[in-house]
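These notes concern the structure reproduced below.
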Amino acid sequence: MAKREYSYYPGCSSQKGASSSNLMKSVDTMCEELDIQLNEIPDWNCCSASIGYASGSELPRLTLSARNIALSEEHNKNQEIVATCAACWLATKEAAERLKEDETMFKEANTALAEAGLKLQNTTPIKHMAEVIIEDIGLEEIKAGVKKPLEGIKIAGYVGCQTNRPFGIAGESFENPMYLDNLVESLGADACTSYEKKVQCCGGALAFSEPEKSQEMIKGIIEAAYDNEADMIATPCPLCQANVEIYQDQINEKYDTKFNIPVVYYSQLISVAYGRSASDAALDGQLIKAKKLEDIAGK
Amino acid sequence: MSELNKAMIEQYRNSFLSEVEANVEEGEWVKMCMQCGVCSGSCPLGKHWAHPPQEIFMMIRAGKRDEVLTSDSMWMCTSCYNCIVRCPRELPITHIMHGLATYARKLGLVPQNQPTAKFAEIFWNNMMKKGRVNELKLGLSLYFKDGFGPGIKEALRNKDLGMKMMKAKRMAASEFFGGHGVKDVSGLQKMIKKAQELEDARMKKFD
């Protein structure tokens, strides 16, 4: 029996062959090391992310998340729901709160859920994996398990938007949250504590629909990491990771820059620091190789 | 109350604010805005809004229905939630902007070829087919959103990126055929249809 057990909502991008399959794999590895058992919500669906609102209006959108919570309450009884994707977490938590505040909408959501043979109680706490690491486990315990300190790596902790706002981690500020820097230091790496773009928006879903406007912001996020002499950027968010990593070529072309900085997940940092291989940490999933992390993993 | 007074109230009644309060997600908060402008100054895409949120709120109260609903502005929202956490009156600004965009779409007032509105529609339809997003098809439909010619050009422009993603196992050609999805697709679709019906039934009509 694992030390901790959660009902797990991985989300669309954390599936095999999807854009953050490296997050999925490194989270699995990290959870093995931290003795966390993740029980996937059976037949979970998309939360419609932060772009679904414009086609699926309020109640349909909330009902999508209500279905996931209802499935979790039915199959993974008395387990808190944990999401690794910022948008999944936000949508699910937002739906849970809205349906708690609004009796009419709660009833209507249940009427709609009945069409799929489901019922929402809405009593389940919704957590982000970062809360599990920081609050449930705590950095002292994380630090105690480090086998290969990430010495000599300077990391810009990029928290992004939706992991941080509007909910965030209890006790952390929205403007300058410190938990990612603290995690980085617990793993033996150097945190760029003055990284001024740590909560800057990368454009989110608008990176697809408004690429120029978004890439201008992404450029700032990367530039600031270089200014802080970071070797790599680390983030908890799958869309932040993708947006900041994959458009570097296009940004270089447009702005005549020479960006080539790796963007990794916190779960990859933990996996390597806990002694796991580059492959277990899904470092082969990086478009821009995180060489310094690979070197430590290979030692 | 005198008949004349009633008539005057009716004549000068700001029905657009009432309309927003009744039909737009979190619209009942609009009247709480105190015009400080923190939201407008906090928006990462602020410079691209013809009317930043603070202005939109005042325009709603001033009854500028067409200007607001046909505006490109709220489509600039990236859902970063900066405005929400900074608003001194704690207005759920992000949701109100989403709500206005959604309402404009329902009424058919979205500016033509608004890219985020188009993407949102592609995303929703993609997701509703199997209950989970098919990223490969999402990317392809996005390339081809402006037609076949521009689509081929856009696909070629992004070809290297696509190859790199496949190599890193973060994109799978097999997603083109079938791909990920929920088992109970029909239940999910019936559920969403019902939710939409219930919401539409709540919608108030304004002349």
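Quick note on naming: the chains in the structure tokens go A, B, ... in the order shown, residues restart at 1 in each chain, and ligands are numbered from 1 in order of appearance.
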
Could you pull out all residues of region 110-263 of chain A with a DSSP call of strand (DSSP E or B) and give them as a list in words?
-> Ile126, Lys127, His128, Lys154, Ile155, Ala156, Gly157, Asp190, Ala191, Met232, Ile233, Ala234, Thr235 and Val263 of chain A

Neighbours of chain A in chain B at 8 Å, counting only C-alpha atoms, as a ChimeraX atom specification | /B:25,44-45,78-82,84-85,98-99,101-102,105,115-117,119-121,123-124,127,131-135,142,161,164-166,168-172,181-184,187-188,190-196,198-199

Please return as an mmCIF file with N, CA and C atoms, in the first residue's frame: the residues of region 177-293 of chain A that backbone DSSP assigns to alpha helix (DSSP H).
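The resulting file, result_39.cif, is reproduced below:
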```cif
data_model
loop_
_atom_site.group_PDB
_atom_site.id
_atom_site.type_symbol
_atom_site.label_atom_id
_atom_site.label_comp_id
_atom_site.auth_asym_id
_atom_site.auth_seq_id
_atom_site.Cartn_x
_atom_site.Cartn_y
_atom_site.Cartn_z
ATOM 1 N N TYR A 179 7.462 28.908 -4.243
ATOM 2 C CA TYR A 179 7.570 27.466 -4.021
ATOM 3 C C TYR A 179 8.394 26.733 -5.071
ATOM 4 N N LEU A 180 8.342 27.210 -6.304
ATOM 5 C CA LEU A 180 9.097 26.502 -7.338
ATOM 6 C C LEU A 180 10.598 26.720 -7.123
ATOM 7 N N ASP A 181 10.976 27.960 -6.799
ATOM 8 C CA ASP A 181 12.382 28.248 -6.470
ATOM 9 C C ASP A 181 12.821 27.403 -5.274
ATOM 10 N N ASN A 182 11.959 27.337 -4.263
ATOM 11 C CA ASN A 182 12.312 26.555 -3.070
ATOM 12 C C ASN A 182 12.470 25.076 -3.401
ATOM 13 N N LEU A 183 11.604 24.584 -4.286
ATOM 14 C CA LEU A 183 11.723 23.180 -4.706
ATOM 15 C C LEU A 183 13.052 22.949 -5.433
ATOM 16 N N VAL A 184 13.357 23.869 -6.351
ATOM 17 C CA VAL A 184 14.603 23.777 -7.117
ATOM 18 C C VAL A 184 15.802 23.705 -6.169
ATOM 19 N N GLU A 185 15.800 24.552 -5.143
ATOM 20 C CA GLU A 185 16.915 24.563 -4.187
ATOM 21 C C GLU A 185 16.936 23.288 -3.341
ATOM 22 N N SER A 186 15.758 22.780 -2.994
ATOM 23 C CA SER A 186 15.707 21.529 -2.217
ATOM 24 C C SER A 186 16.341 20.380 -2.990
ATOM 25 N N LEU A 206 -3.972 31.133 -26.862
ATOM 26 C CA LEU A 206 -3.853 32.112 -27.939
ATOM 27 C C LEU A 206 -2.517 31.987 -28.686
ATOM 28 N N ALA A 207 -1.613 31.151 -28.158
ATOM 29 C CA ALA A 207 -0.381 30.872 -28.908
ATOM 30 C C ALA A 207 -0.731 30.228 -30.252
ATOM 31 N N PHE A 208 -1.908 29.565 -30.312
ATOM 32 C CA PHE A 208 -2.351 28.944 -31.563
ATOM 33 C C PHE A 208 -3.099 29.942 -32.450
ATOM 34 N N SER A 209 -3.954 30.745 -31.818
ATOM 35 C CA SER A 209 -4.804 31.627 -32.628
ATOM 36 C C SER A 209 -4.188 33.001 -32.867
ATOM 37 N N PRO A 211 -0.535 33.774 -32.842
ATOM 38 C CA PRO A 211 0.869 33.400 -32.606
ATOM 39 C C PRO A 211 1.822 34.593 -32.464
ATOM 40 N N GLU A 212 1.613 35.638 -33.231
ATOM 41 C CA GLU A 212 2.564 36.758 -33.151
ATOM 42 C C GLU A 212 2.507 37.463 -31.807
ATOM 43 N N LYS A 213 1.284 37.716 -31.368
ATOM 44 C CA LYS A 213 1.122 38.391 -30.068
ATOM 45 C C LYS A 213 1.693 37.528 -28.946
ATOM 46 N N SER A 214 1.460 36.221 -29.040
ATOM 47 C CA SER A 214 1.919 35.325 -27.980
ATOM 48 C C SER A 214 3.436 35.164 -28.005
ATOM 49 N N GLN A 215 3.979 35.033 -29.202
ATOM 50 C CA GLN A 215 5.431 34.814 -29.282
ATOM 51 C C GLN A 215 6.216 36.033 -28.801
ATOM 52 N N GLU A 216 5.604 37.197 -28.899
ATOM 53 C CA GLU A 216 6.264 38.380 -28.355
ATOM 54 C C GLU A 216 6.421 38.241 -26.829
ATOM 55 N N MET A 217 5.394 37.653 -26.204
ATOM 56 C CA MET A 217 5.460 37.449 -24.750
ATOM 57 C C MET A 217 6.426 36.321 -24.405
ATOM 58 N N ILE A 218 6.407 35.270 -25.216
ATOM 59 C CA ILE A 218 7.295 34.130 -24.965
ATOM 60 C C ILE A 218 8.752 34.580 -25.067
ATOM 61 N N LYS A 219 9.005 35.451 -26.014
ATOM 62 C CA LYS A 219 10.350 35.995 -26.188
ATOM 63 C C LYS A 219 10.840 36.628 -24.873
ATOM 64 N N GLY A 220 9.966 37.399 -24.233
ATOM 65 C CA GLY A 220 10.322 38.040 -22.967
ATOM 66 C C GLY A 220 10.628 37.022 -21.875
ATOM 67 N N ILE A 221 9.857 35.942 -21.865
ATOM 68 C CA ILE A 221 10.032 34.896 -20.840
ATOM 69 C C ILE A 221 11.413 34.243 -20.992
ATOM 70 N N ILE A 222 11.808 34.009 -22.237
ATOM 71 C CA ILE A 222 13.095 33.360 -22.510
ATOM 72 C C ILE A 222 14.256 34.334 -22.283
ATOM 73 N N GLU A 223 14.077 35.543 -22.765
ATOM 74 C CA GLU A 223 15.112 36.565 -22.608
ATOM 75 C C GLU A 223 15.476 36.745 -21.127
ATOM 76 N N ALA A 224 14.432 36.846 -20.298
ATOM 77 C CA ALA A 224 14.665 37.057 -18.867
ATOM 78 C C ALA A 224 15.413 35.872 -18.250
ATOM 79 N N ALA A 225 15.137 34.666 -18.763
ATOM 80 C CA ALA A 225 15.856 33.492 -18.250
ATOM 81 C C ALA A 225 17.348 33.605 -18.591
ATOM 82 N N TYR A 226 17.647 34.027 -19.821
ATOM 83 C CA TYR A 226 19.052 34.236 -20.207
ATOM 84 C C TYR A 226 19.679 35.347 -19.372
ATOM 85 N N ASP A 227 18.922 36.446 -19.174
ATOM 86 C CA ASP A 227 19.453 37.564 -18.373
ATOM 87 C C ASP A 227 19.819 37.108 -16.968
ATOM 88 N N PRO A 238 1.871 22.210 -18.528
ATOM 89 C CA PRO A 238 2.137 21.619 -19.849
ATOM 90 C C PRO A 238 2.045 22.612 -21.005
ATOM 91 N N LEU A 239 1.129 23.584 -20.911
ATOM 92 C CA LEU A 239 1.023 24.523 -22.030
ATOM 93 C C LEU A 239 2.164 25.540 -21.990
ATOM 94 N N CYS A 240 2.540 25.966 -20.786
ATOM 95 C CA CYS A 240 3.725 26.842 -20.640
ATOM 96 C C CYS A 240 4.938 26.134 -21.226
ATOM 97 N N GLN A 241 5.103 24.866 -20.863
ATOM 98 C CA GLN A 241 6.276 24.112 -21.322
ATOM 99 C C GLN A 241 6.302 24.094 -22.839
ATOM 100 N N ALA A 242 5.188 23.703 -23.430
ATOM 101 C CA ALA A 242 5.143 23.586 -24.892
ATOM 102 C C ALA A 242 5.360 24.947 -25.547
ATOM 103 N N ASN A 243 4.621 25.940 -25.103
ATOM 104 C CA ASN A 243 4.722 27.256 -25.742
ATOM 105 C C ASN A 243 6.136 27.827 -25.654
ATOM 106 N N VAL A 244 6.764 27.673 -24.501
ATOM 107 C CA VAL A 244 8.089 28.288 -24.329
ATOM 108 C C VAL A 244 9.170 27.464 -25.019
ATOM 109 N N GLU A 245 8.966 26.167 -25.127
ATOM 110 C CA GLU A 245 10.004 25.349 -25.772
ATOM 111 C C GLU A 245 9.885 25.340 -27.302
ATOM 112 N N ILE A 246 8.680 25.060 -27.805
ATOM 113 C CA ILE A 246 8.616 24.667 -29.221
ATOM 114 C C ILE A 246 8.670 25.823 -30.212
ATOM 115 N N GLN A 248 10.772 28.349 -30.105
ATOM 116 C CA GLN A 248 12.053 29.080 -30.072
ATOM 117 C C GLN A 248 12.628 29.288 -31.468
ATOM 118 N N ASP A 249 12.482 28.282 -32.345
ATOM 119 C CA ASP A 249 12.967 28.435 -33.731
ATOM 120 C C ASP A 249 12.242 29.578 -34.442
ATOM 121 N N GLN A 250 10.907 29.585 -34.299
ATOM 122 C CA GLN A 250 10.117 30.625 -34.976
ATOM 123 C C GLN A 250 10.448 32.018 -34.438
ATOM 124 N N ILE A 251 10.679 32.094 -33.124
ATOM 125 C CA ILE A 251 11.038 33.385 -32.511
ATOM 126 C C ILE A 251 12.421 33.824 -33.008
ATOM 127 N N ASN A 252 13.346 32.866 -33.063
ATOM 128 C CA ASN A 252 14.695 33.190 -33.566
ATOM 129 C C ASN A 252 14.633 33.757 -34.981
ATOM 130 N N GLU A 253 13.771 33.127 -35.783
ATOM 131 C CA GLU A 253 13.641 33.559 -37.166
ATOM 132 C C GLU A 253 13.093 34.982 -37.255
ATOM 133 N N LYS A 254 12.103 35.261 -36.440
ATOM 134 C CA LYS A 254 11.443 36.560 -36.517
ATOM 135 C C LYS A 254 12.280 37.672 -35.875
ATOM 136 N N TYR A 255 12.873 37.374 -34.725
ATOM 137 C CA TYR A 255 13.538 38.442 -33.963
ATOM 138 C C TYR A 255 15.069 38.390 -34.065
ATOM 139 N N TYR A 266 9.012 20.263 -13.395
ATOM 140 C CA TYR A 266 9.488 20.004 -12.017
ATOM 141 C C TYR A 266 9.587 18.500 -11.759
ATOM 142 N N SER A 267 8.671 17.755 -12.389
ATOM 143 C CA SER A 267 8.648 16.305 -12.156
ATOM 144 C C SER A 267 9.890 15.633 -12.758
ATOM 145 N N GLN A 268 10.432 16.244 -13.809
ATOM 146 C CA GLN A 268 11.674 15.714 -14.402
ATOM 147 C C GLN A 268 12.848 16.023 -13.486
ATOM 148 N N LEU A 269 12.831 17.207 -12.879
ATOM 149 C CA LEU A 269 13.890 17.559 -11.930
ATOM 150 C C LEU A 269 13.893 16.579 -10.759
ATOM 151 N N ILE A 270 12.700 16.330 -10.212
ATOM 152 C CA ILE A 270 12.608 15.426 -9.059
ATOM 153 C C ILE A 270 13.056 14.016 -9.460
ATOM 154 N N SER A 271 12.600 13.561 -10.623
ATOM 155 C CA SER A 271 12.961 12.202 -11.060
ATOM 156 C C SER A 271 14.475 12.038 -11.148
ATOM 157 N N VAL A 272 15.151 13.019 -11.741
ATOM 158 C CA VAL A 272 16.611 12.919 -11.875
ATOM 159 C C VAL A 272 17.286 13.033 -10.510
ATOM 160 N N ALA A 273 16.833 13.990 -9.690
ATOM 161 C CA ALA A 273 17.432 14.169 -8.367
ATOM 162 C C ALA A 273 17.242 12.933 -7.489
ATOM 163 N N LYS A 291 20.781 19.032 -21.477
ATOM 164 C CA LYS A 291 22.053 18.309 -21.404
ATOM 165 C C LYS A 291 22.548 18.167 -19.955
ATOM 166 N N LYS A 292 22.486 19.280 -19.208
ATOM 167 C CA LYS A 292 23.008 19.245 -17.833
ATOM 168 C C LYS A 292 22.240 18.253 -16.941
ATOM 169 N N LEU A 293 20.955 18.136 -17.202
ATOM 170 C CA LEU A 293 20.150 17.165 -16.447
ATOM 171 C C LEU A 293 20.485 15.740 -16.903
#
```

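One finds CA of Met129 (chain A) at 13.1 Å from CA of Val159 (chain A).
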